[in-house]
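Quick notes on the structure that follows.
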Amino acid sequence: MPLSIVIADDDPEFRMIVRYLLASVFDDMALVGEAADGAEALALVLRERPDVLVTDLVMPRLNGIQLTHRVREAWPDTKIILMSSYPDDAYRMMASSSGADAFVNKQVIHSSLVSAIRDLTGRRLSSGSGPYPGSAGTSSSPGAPPN
């Protein structure tokens, strides 16, 4: 069964970067939804019950902390990775105290998101070259998706 993932970020370009990063690495993954705000993300999580939620810390309609609390109440088995482009330790502390499973700085997401997912799920996920969605793409540069 593929690892199911929901991505939540109010920046559509950043969601695309995460989508291509994950697709270029994981064969055994299904992106089951994307959300532009916390309320939309919560609805997706409640409907899809993903294995992993990758969410921005600062979003409209429910920020990442509020979203984390609500997901923990409703679906506690979902692993939650909070992301932020703010390097301050205060944001890392907020993420830690929210109940999220991991914090990833967006400035180093290329090197840290995949390992965070592997660590949290305890699953050995293989790389491959199948088409997206659900399997890896051929792009090795998530910032420059193929046309």
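Residue names in the structure tokens use chain letters A, B, ... in the order shown, residue numbers from 1 in each chain, and ligand numbers from 1 in the order shown.
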(request) Find the spatial neighbours of range 3-20 of chain A, counting only C-alpha atoms, within a cut-off of 8 Å - ignore same-chain residues fewer than 2 positions away - and output them as a ChimeraX atom specification. (result) /A:1,22-24,28-38,41,44-45,50-56,59-60,137,139,141-143,145
(message) Need to verify the contact set: Ser112 in chain A, 12 Å, only C-alpha atoms, exclusion of same-chain residues closer than 2 positions in sequence. Can you return it as a ChimeraX atom specification?
(response) /A:18,21-22,81-83,102-110,114-119
Write to file, as an mmCIF file, in the first residue's frame, the residues of the selection just made, with N, CA and C atoms.
```cif
data_model
loop_
_atom_site.group_PDB
_atom_site.id
_atom_site.type_symbol
_atom_site.label_atom_id
_atom_site.label_comp_id
_atom_site.auth_asym_id
_atom_site.auth_seq_id
_atom_site.Cartn_x
_atom_site.Cartn_y
_atom_site.Cartn_z
ATOM 1 N N VAL A 18 7.311 20.854 -3.463
ATOM 2 C CA VAL A 18 7.190 19.680 -2.592
ATOM 3 C C VAL A 18 6.678 18.486 -3.388
ATOM 4 N N LEU A 21 9.483 17.209 -5.560
ATOM 5 C CA LEU A 21 10.528 16.620 -4.720
ATOM 6 C C LEU A 21 10.125 15.215 -4.291
ATOM 7 N N LEU A 22 8.918 15.078 -3.805
ATOM 8 C CA LEU A 22 8.455 13.770 -3.353
ATOM 9 C C LEU A 22 8.301 12.788 -4.510
ATOM 10 N N ILE A 81 4.436 16.944 9.601
ATOM 11 C CA ILE A 81 5.686 17.666 9.414
ATOM 12 C C ILE A 81 5.334 19.123 9.173
ATOM 13 N N LEU A 82 5.757 19.979 10.085
ATOM 14 C CA LEU A 82 5.558 21.420 9.935
ATOM 15 C C LEU A 82 6.764 22.003 9.221
ATOM 16 N N MET A 83 6.486 22.934 8.299
ATOM 17 C CA MET A 83 7.551 23.611 7.550
ATOM 18 C C MET A 83 7.441 25.108 7.764
ATOM 19 N N ALA A 102 7.686 16.512 13.332
ATOM 20 C CA ALA A 102 8.963 17.017 12.826
ATOM 21 C C ALA A 102 8.792 18.454 12.341
ATOM 22 N N PHE A 103 9.909 19.157 12.297
ATOM 23 C CA PHE A 103 9.965 20.508 11.751
ATOM 24 C C PHE A 103 11.031 20.526 10.666
ATOM 25 N N VAL A 104 10.683 21.114 9.520
ATOM 26 C CA VAL A 104 11.619 21.224 8.412
ATOM 27 C C VAL A 104 11.676 22.682 7.985
ATOM 28 N N ASN A 105 12.891 23.204 7.927
ATOM 29 C CA ASN A 105 13.085 24.564 7.440
ATOM 30 C C ASN A 105 12.994 24.533 5.917
ATOM 31 N N LYS A 106 12.160 25.379 5.347
ATOM 32 C CA LYS A 106 11.967 25.397 3.897
ATOM 33 C C LYS A 106 13.254 25.707 3.136
ATOM 34 N N GLN A 107 14.182 26.388 3.776
ATOM 35 C CA GLN A 107 15.431 26.738 3.097
ATOM 36 C C GLN A 107 16.307 25.515 2.832
ATOM 37 N N VAL A 108 16.069 24.435 3.555
ATOM 38 C CA VAL A 108 16.842 23.199 3.350
ATOM 39 C C VAL A 108 15.917 22.012 3.083
ATOM 40 N N ILE A 109 14.757 22.285 2.529
ATOM 41 C CA ILE A 109 13.760 21.224 2.336
ATOM 42 C C ILE A 109 14.252 20.128 1.412
ATOM 43 N N HIS A 110 15.056 20.471 0.426
ATOM 44 C CA HIS A 110 15.542 19.460 -0.509
ATOM 45 C C HIS A 110 16.345 18.372 0.191
ATOM 46 N N VAL A 114 12.595 14.542 2.755
ATOM 47 C CA VAL A 114 12.535 13.107 2.459
ATOM 48 C C VAL A 114 13.024 12.281 3.646
ATOM 49 N N SER A 115 14.135 12.692 4.261
ATOM 50 C CA SER A 115 14.628 11.929 5.409
ATOM 51 C C SER A 115 13.668 12.025 6.589
ATOM 52 N N ALA A 116 12.997 13.162 6.758
ATOM 53 C CA ALA A 116 12.007 13.286 7.835
ATOM 54 C C ALA A 116 10.852 12.318 7.612
ATOM 55 N N ILE A 117 10.378 12.209 6.381
ATOM 56 C CA ILE A 117 9.281 11.280 6.078
ATOM 57 C C ILE A 117 9.722 9.843 6.328
ATOM 58 N N ARG A 118 10.911 9.500 5.873
ATOM 59 C CA ARG A 118 11.415 8.140 6.095
ATOM 60 C C ARG A 118 11.548 7.836 7.584
ATOM 61 N N ASP A 119 12.091 8.790 8.338
ATOM 62 C CA ASP A 119 12.266 8.584 9.780
ATOM 63 C C ASP A 119 10.931 8.405 10.491
#
```
